[in-house]
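Working notes, structure below.
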Amino acid sequence: MGFKCGIIGLPNVGKSTLFNALTKSEIPAENFPFCTIDPNIGKVPLPDRRLLELNNIVNSNKIIPAALDLVDIAGLVKGASDGEGLGNSFLSNIREMTALAHVVRCFEDENITHVDGSVNPRRDVEVINLELILADLETVSTRITKCEKLLKTNDKENNLQLEILLRLKNDLESGHLINLKTFNEDERKIIKSFQLLSSKPTFFIGNINDSEASKNNIQELNKMASELNTFVIPASVKMEHEISMLDEAEKKEYLELMEMNEPVLNKIIFEGYKLLGLKTFFTAGPAEIRAWTIKNGFTAPNAAGVIHTDFERGFIKAEVIDFDDYINNKGELGAKENGKLRLEGKDYLVKDGDIIHFKFNV
């Protein structure tokens, strides 16, 4: 569907190690800046326990999870907006992302070089954010110049764009990331067409170890995240990578030993999925149980089109069962007998976890 979550951050903060853990890849992750040059792309299955619950009832031949597209982007350095390091490449890669997972180093280790010589989460976040702001300021200023040249045409769309661009320029010049919540829905659509870097939804991954310094650093990162109206997922990226390399039996034993229900990676994947504005619905039968990815606000015909365009074109109705109703009534037959199967039409907004059977005619 074209939704990508980019992993960003300074060099040597653990981006590539995190990418390897999430995708079970073995791309290089070395102790020097710009180990990653071209972006690495991986498709990560969503670790959705609901699939197993469904299969306990259906006993299907195949289970196909939803997936998240992750991109490991080259490390950014101060001055990237002026072309420093791999700046231009880095920024163009970010422009293609729908959401961002920003990895911030919160651990001390004299054996791992920090590009600025010391660990300081607030400074590191500010470096990244400033480069995004400066790049956006250049984009917005260029667009303003073009719009001003067309003022004499008195084109309403051009005038509206100019008004929005001037508001954006004011925010950026004040050192603020673009906050889409301060704009109405129509204005947000126009802003999204500009592909501005600092407007992309972002969350932080604080790369930690078990030291006292790491605890203090993660507290500082939490403060900054609160100021930016986002959140932090603390994770020992090195440990998560080690867990990801274990077989299922070893992984279960390790998690029990660490008193963890699941790897932190699972939370990172789900948060990235949510930040992309995505939901999951299911189709379930003896041949296959499948999780399908849709965008928030998709109607039943939109969701049907994700399976096949003919389903959307010839949509008649959808047989829908809430996930909890499906489980509590032990499947489709029980849900139907207890009045939990609903017929929904073209205006139905699909909910996360719906089990759907589409009726169509082409």
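The way I read the labels, and the way they are meant: chains A, B, ... in the order of the structure tokens, residue 1 as the first residue of every chain, and ligand 1 as the first ligand shown, with later ones counted on from there.
The shell of residues at most 7 Å from Lys43 (chain A), with only C-alpha atoms counted and near chain neighbours (fewer than 4 positions) removed, consists of Thr23, Ala67, Leu68, Asp69 and Leu70 of chain A.
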Please produce a file of the residues just selected, as a compact mmCIF listing (two decimals), in the first residue's frame, where the atoms kept are N, CA and C atoms.
```txt
# COMPACT_ATOMS: atom_id res chain seq x y z
N THR A 23 14.10 -7.42 11.19
CA THR A 23 13.93 -8.11 9.90
C THR A 23 14.67 -9.45 9.84
N ALA A 67 2.04 -7.14 7.44
CA ALA A 67 3.47 -6.83 7.45
C ALA A 67 3.69 -5.32 7.46
N LEU A 68 4.82 -4.93 8.01
CA LEU A 68 5.21 -3.53 8.08
C LEU A 68 6.48 -3.34 7.25
N ASP A 69 6.50 -2.33 6.38
CA ASP A 69 7.70 -2.02 5.59
C ASP A 69 8.61 -1.11 6.40
N LEU A 70 9.82 -1.58 6.70
CA LEU A 70 10.81 -0.80 7.46
C LEU A 70 11.99 -0.43 6.57
```
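Each of A:Leu54, A:Ala101, A:Leu150, A:Leu349 was checked against Leu18 (chain A) using only C-alpha atoms; the smallest atom-to-atom distance is that of A:Ala101.
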Next on the checklist: Show me, as a list in words, the residues that have an atom within 9 Å of Ile269 (chain A) when counting only C-alpha atoms, minus same-chain residues fewer than 2 positions from it.
Outcome noted: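 The contact residues come out as Leu22, Val44, Pro45, Leu46, Pro47, Leu68, Val264, Leu265, Asn266, Lys267, Glu271, Gly272, Tyr273 and Lys274 of chain A.
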Checklist entry - Out of region 25-199 of chain A, which residues get helix (DSSP H, G or I) from DSSP, as a VMD selection string? => result chain A and resid 49 to 58 80 to 82 87 to 95 121 to 149 151 to 153 156 to 173 180 to 182 185 to 193 197 to 199
Next on the checklist: So that I can see what lies close to Thr202 (chain A), please list as a PyMOL selection string the residues with an atom at most 8 Å from it, counting only C-alpha atoms and leaving out residues fewer than 4 positions away in the same chain.
Outcome noted: chain A and resi 99-102+230+275
Let me see the file: selected residues, all heavy atoms, as a short mmCIF file (atom, residue, chain, number, x, y, z; two decimals), in the first residue's frame.
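Just written: part34.cif:
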```cif
data_model
loop_
_atom_site.label_atom_id
_atom_site.label_comp_id
_atom_site.auth_asym_id
_atom_site.auth_seq_id
_atom_site.Cartn_x
_atom_site.Cartn_y
_atom_site.Cartn_z
N ALA A 99 6.11 7.49 8.12
CA ALA A 99 6.32 7.73 9.55
C ALA A 99 7.78 7.40 9.88
O ALA A 99 8.47 6.75 9.08
CB ALA A 99 5.38 6.87 10.39
N LEU A 100 8.23 7.86 11.07
CA LEU A 100 9.64 7.71 11.43
C LEU A 100 9.80 7.13 12.83
O LEU A 100 9.10 7.51 13.76
CB LEU A 100 10.35 9.07 11.37
CG LEU A 100 10.29 9.82 10.04
CD1 LEU A 100 10.88 11.22 10.20
CD2 LEU A 100 11.04 9.05 8.95
N ALA A 101 10.74 6.20 12.95
CA ALA A 101 11.18 5.69 14.25
C ALA A 101 12.59 6.23 14.48
O ALA A 101 13.53 5.85 13.77
CB ALA A 101 11.19 4.16 14.26
N HIS A 102 12.72 7.14 15.44
CA HIS A 102 13.99 7.84 15.68
C HIS A 102 14.75 7.15 16.80
O HIS A 102 14.34 7.18 17.96
CB HIS A 102 13.67 9.30 16.04
CG HIS A 102 14.88 10.17 16.22
ND1 HIS A 102 14.79 11.53 16.27
CD2 HIS A 102 16.20 9.88 16.36
CE1 HIS A 102 16.00 12.04 16.45
NE2 HIS A 102 16.86 11.04 16.50
N THR A 230 5.04 13.23 21.67
CA THR A 230 5.22 11.87 21.18
C THR A 230 5.64 10.99 22.36
O THR A 230 5.41 11.33 23.51
CB THR A 230 6.21 11.81 20.00
OG1 THR A 230 6.23 10.50 19.47
CG2 THR A 230 7.60 12.26 20.38
N LEU A 275 1.36 4.19 13.96
CA LEU A 275 1.77 5.53 13.56
C LEU A 275 1.57 5.75 12.07
O LEU A 275 1.35 6.88 11.62
CB LEU A 275 3.25 5.73 13.92
CG LEU A 275 3.70 7.15 14.19
CD1 LEU A 275 2.99 7.74 15.40
CD2 LEU A 275 5.20 7.22 14.40
#
```
Item to check | Contacts of region 120-125 of chain A within 7 Å, only C-alpha atoms, excl. fewer than 3 positions in-chain, as number ranges by chain | outcome: A: 104-106, 128-129, 217, 220-221, 224
Suppose we keep C-alpha atoms; can you now write the selection as a compact mmCIF listing (two decimals), in the first residue's frame?
```txt
# COMPACT_ATOMS: atom_id res chain seq x y z
CA VAL A 104 18.49 7.79 20.16
CA ARG A 105 21.59 6.53 21.96
CA CYS A 106 21.08 6.52 25.74
CA ILE A 128 18.16 15.77 13.79
CA ASN A 129 15.13 18.02 14.22
CA ASN A 217 19.45 9.60 29.71
CA GLU A 220 15.77 13.15 29.60
CA LEU A 221 14.57 11.61 26.33
CA MET A 224 11.83 15.79 25.29
```
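Closest approach to Phe298 (chain A) from the set A:Thr280, A:Asn361, A:Asn59, A:Asn20 is made by A:Thr280, with distances taken over only C-alpha atoms.
Considering only C-alpha atoms, the residue among A:Lys330, A:Lys192, A:Arg313, A:Lys15 positioned nearest to Phe360 (chain A) is A:Arg313.
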